[in-house]
Amino acid sequence: MLDALKTQLQNVLADSLKDIFASENNVPEVILEIPADKNHGDFSCNIALKSAKLLKKSPIAVAERIIAAFQKELSLNFLKNKIQKVEVKAPGFINIFLSSESFYDVLTAIGKQKDLYGQTSIGQGEKVQIEFVSANPTGPLSVAHARQAAVGDALGNILKFLGFNVDKEYYVNDGGNQINILGLSVRARAFQILGKEVEFLEDYYQGEYIKDMARLFMEENKIKTLADLEKKTSKEFSQWACAYLLGVIKKELSDFGVHFDAWSYESKISTPEKIEKTLRALKSKDLVYEKEGAWWFRSTSFGDDKDRVVKKSDGAYTYLAPDIVYHENKFNRGYSWLINIWGPDHHGYIPRIKAAAQALGKNKEDLDVLIVQLATIYRNGELLSMSTRRGQYISLREVMDEVGVDAARFFFLMRHIEAHLEFDLEVAKKQTAENPVYYIQYAHARIHSINKKAQEQNISVAEKGFSLLKEEEEITLIRQLGEFSQALSFCYDQLDPYPLVSYLMELAIIFHRFYDKHKVISDNIALSQERLTLVNCARIVFANGLRLLGLQTPEQM
RNA sequence: GCGCCCGUAGCUCAAUUGGAUAGAGCAUCAGCCUACGGAGCUGAGGGUUACAGGUUCGAAUCCUGUCGGGCGCGCCA
């Protein structure tokens with residue numbers, strides 16, 4: 001809401017600047033910022049500082065001339081009443097203070113747009129696919145996947161809200177050798193359970209869940225004896241195990257509140273024929289070449305350190321080959337922008353997949369790969385072991401069961417995605433201010449209580465506009481409500497839901513302060529009505545923000 | 001060795017992408033309940049932004065170097 005006003009003022013300011021310095025052509029772009037310190041206005045501009053050198057005048061002098069022209073321009077403009085004052089402050093900032101009319105406009109807009117408040121059309125319906133989690137179906141999801149799930153889901157929601165046509169997709173790696181190993185692992189455990197000594201290789205999956213699966217496999221297939229077991233091929237084990245674990249993963253994600261629009265399968269998309277076809281097409285363009293009996297992808301042409309083998313000298317494909325085909329498949333489905341969310345262990349893989357996108361005729365920007373850092377899990381300050389190799393990692397299921405879905409999702413979003421995250425299960429379980437998710441949801445619930453009280457006393461929301469909201473805490477709250485869509489556009493700029501999380505925490509602080517200082521329902525009916533409207537606007541923004549993050553909006557707690 | 005990321009209060013992290021006096025939470029200390037939910041609010045202390053240079057009106061942010069930490073570097077997936 002306020003960002004629309006910001007853009008309008010920015011344009012007027014740019015016009016003023018152009019009028020004064022018509023002869024100059026390298027004048028920097030006018031950009032308004034929202035200063036952290038509200039003594040510096042609601043918007044501030046550094047254009048005078050930036051252009052002073054070019055214009056060979058002191059920044060203050062430039063600023064003075066700009067605002068003179070700006071104010072003249074404004075006086076002819078409908079924006080006139082939105083501004084309270086404009087001032088120049090050393091070393092040359094132009095600070096703009098908004099009038100109460102501007103603030104009241106925010107409340108009117110929220111009241112009108114409700115669930116849709118904060119929405120923009122930045123996306124213009126662009127078809128974008130966000131692919132995340134995509135864990136190999138070889139075990140339950142870990143906390144690493146959990147964080148990726150929370151991030152991908154929230155980011156997808158936000159982009160959708162900003163006007164993109166978003167699909168969330170999970171890519172099932174059911175084609176590689178790891179599925180064979182999975183099958184062999186289950187098979188070996190089954191033999192052991194029936195008392196036969198078989199070697200359990202080091203690269204087999206070590207987790208306890210493999211034993212459980214072996215028992216279940218035998219139960220479902222009515223296997224009682226070693227002779228029964230011998231009849232099962234290792235392929236039967238693999239297929240059963242893969243399907244079973246995929247079922248587990250789907251259930252975990254759905255319990256976590258994360259839903260995908262599509263599940264795609266490596267085995268269906270990247271068939272050997274398709275891979276061969278794509279590689280040959282690249283070869284005809286000299287983007288794939290043969291050397292030492294292997295086929296190499298010329299990824300160095302697109303900025304990678306070295307070329308990468310796609311087909312080994314024994315004729316088998318490396319993992320990159322089906323991955324190129326998968327990305328080709330995505331583009332062919334009409335997505336003009338792809339977002340992949342990966343764990344930090346795949347960080348070195350980014351240049352070659354981006355190279356692949358370009359080899360397929362796309363631009364670098366058409367594929368973004370986001371790395372979501374790991375979360376380190378603590379319990380009462382004590383580090384919990386995280387070794388994946390031994391299958392001792394903390395699972396999504398454990399975290400969810402222990403701290404609840406909302407607290408877990410919130411904690412995973414509480415830092416920038418590229419920052420390491422410390423997640424203490426005990427803290428997440430606490431229902432105190434230490435735990436910000438409750439702090440925010442509590443604000444939402446409090447407003448519901450106010451509404452109940454208002455209803456009892458027959459106080460309704462303000463129907464005829466606003467005039468009485470003047471207290472500092474009220475204006476601060478309205479200003480924050482007005483910055484909602486700006487927070488969302490930061491999420492888009494950074495491809496990270498974190499700015500929204502940070503915004504909501506700030507909003508909660510501001511709301512609780514207001515609540516503590518001023519009574520909404522009082523003897524002054526007119527004021528009560530306006531404040532009731534104000535807090536309900538806050539309720540709408542809390543709800544919109546929490547919903548985008550995939551969190552509940554409780555009315556009582 | 002090469003490449004990428006990071007180093008901010010005792011701890012965990014911010015800082016609107018180069019802006020004005022570097023901010024929150026936790027922890028520590030001191031306050032606020034006959035009110036719409038105390039799961040709340042107010043205040044205090046705590047900093048040479050790892051270090052040394054540089055760029056400019058302005059640097060935690062950009063550049064160079066040093067120190068310290070993490071990750072990646074397979075004809076694996």
# chains A, B, ... in the order shown; residues from 1 in each chain; ligands from 1
>>> closest_atom_pairs(of="chain B", to="chain A", cutoff="9 Å", atoms="only C-alpha atoms (C1' of nucleotides)", output="CSV")
residue,atom,partner,partner_atom,distance
B:G3,C1',A:Asp305,CA,8.6
B:C4,C1',A:Gly348,CA,8.4
B:C5,C1',A:Glu418,CA,8.9
B:U12,C1',A:Glu422,CA,7.5
B:C13,C1',A:Arg415,CA,7.7
B:A14,C1',A:Ser502,CA,8.9
B:U16,C1',A:Ile34,CA,6.7
B:G19,C1',A:Asn46,CA,7.8
B:A20,C1',A:His40,CA,8.0
B:G25,C1',A:Glu434,CA,7.0
B:C26,C1',A:Glu434,CA,7.1
B:A35,C1',A:Lys519,CA,8.1
B:C36,C1',A:Ile450,CA,4.7
B:G37,C1',A:Arg446,CA,6.3
B:A39,C1',A:Thr432,CA,5.1
B:G40,C1',A:His512,CA,7.0
B:C41,C1',A:Asp516,CA,6.0
B:C57,C1',A:Leu49,CA,6.7
B:G58,C1',A:Pro91,CA,8.8
B:C71,C1',A:Pro344,CA,7.4
B:G72,C1',A:Gly348,CA,5.0
B:C73,C1',A:Gly348,CA,7.3
B:C75,C1',A:Lys312,CA,4.6
B:C76,C1',A:Thr318,CA,8.1
B:A77,C1',A:Tyr319,CA,6.3
>>> select_by_dssp(residues="stretch 201-441 of chain A", states="strand (DSSP E or B)", output="ChimeraX atom specification")
/A:262-265,288-291,294-297,308-311,317,337-342,367-371,375-379,382-383,395,421-424
>>> residues_around(residues="B:C67", least_positions_apart="5", cutoff="12 Å", atoms="only C-alpha atoms (C1' of nucleotides)", output="ChimeraX atom specification")
/B:7,50-52
>>> write_last_selection(atoms="N, CA and C atoms (P, O5', C5', C4', C3', O3' and C1' of nucleotides)", output="compact mmCIF listing (two decimals), in the first residue's frame")
# COMPACT_ATOMS: atom_id res chain seq x y z
P G B 7 29.80 -12.51 8.09
O5' G B 7 30.81 -12.92 9.24
C5' G B 7 30.36 -13.75 10.31
C4' G B 7 31.49 -13.99 11.29
C3' G B 7 31.99 -12.73 11.99
O3' G B 7 32.33 -13.03 13.35
C1' G B 7 33.78 -13.76 10.81
P A B 50 34.27 -7.95 11.82
O5' A B 50 35.58 -8.39 12.60
C5' A B 50 35.52 -8.81 13.96
C4' A B 50 36.88 -9.27 14.36
C3' A B 50 38.01 -8.35 13.90
O3' A B 50 38.24 -7.31 14.83
C1' A B 50 38.50 -10.57 13.24
P C B 51 38.56 -5.82 14.27
O5' C B 51 40.06 -5.98 13.75
C5' C B 51 41.10 -6.34 14.64
C4' C B 51 42.37 -6.55 13.87
C3' C B 51 42.75 -5.41 12.93
O3' C B 51 43.38 -4.34 13.59
C1' C B 51 42.98 -7.46 11.80
P A B 52 43.16 -2.85 13.05
O5' A B 52 44.07 -2.83 11.75
C5' A B 52 45.46 -3.10 11.85
C4' A B 52 46.10 -3.04 10.49
C3' A B 52 45.64 -1.88 9.61
O3' A B 52 46.24 -0.66 9.95
C1' A B 52 45.69 -3.88 8.35
>>> closest_residue(among="A:Val186, A:Leu13, A:Lys222, A:Leu55", to="A:Gly207", atoms="only C-alpha atoms")
A:Val186
>>> closest_residue(among="A:Arg379, A:Arg409, A:His145, A:Lys72", to="A:Asp424", atoms="only C-alpha atoms")
A:Arg379
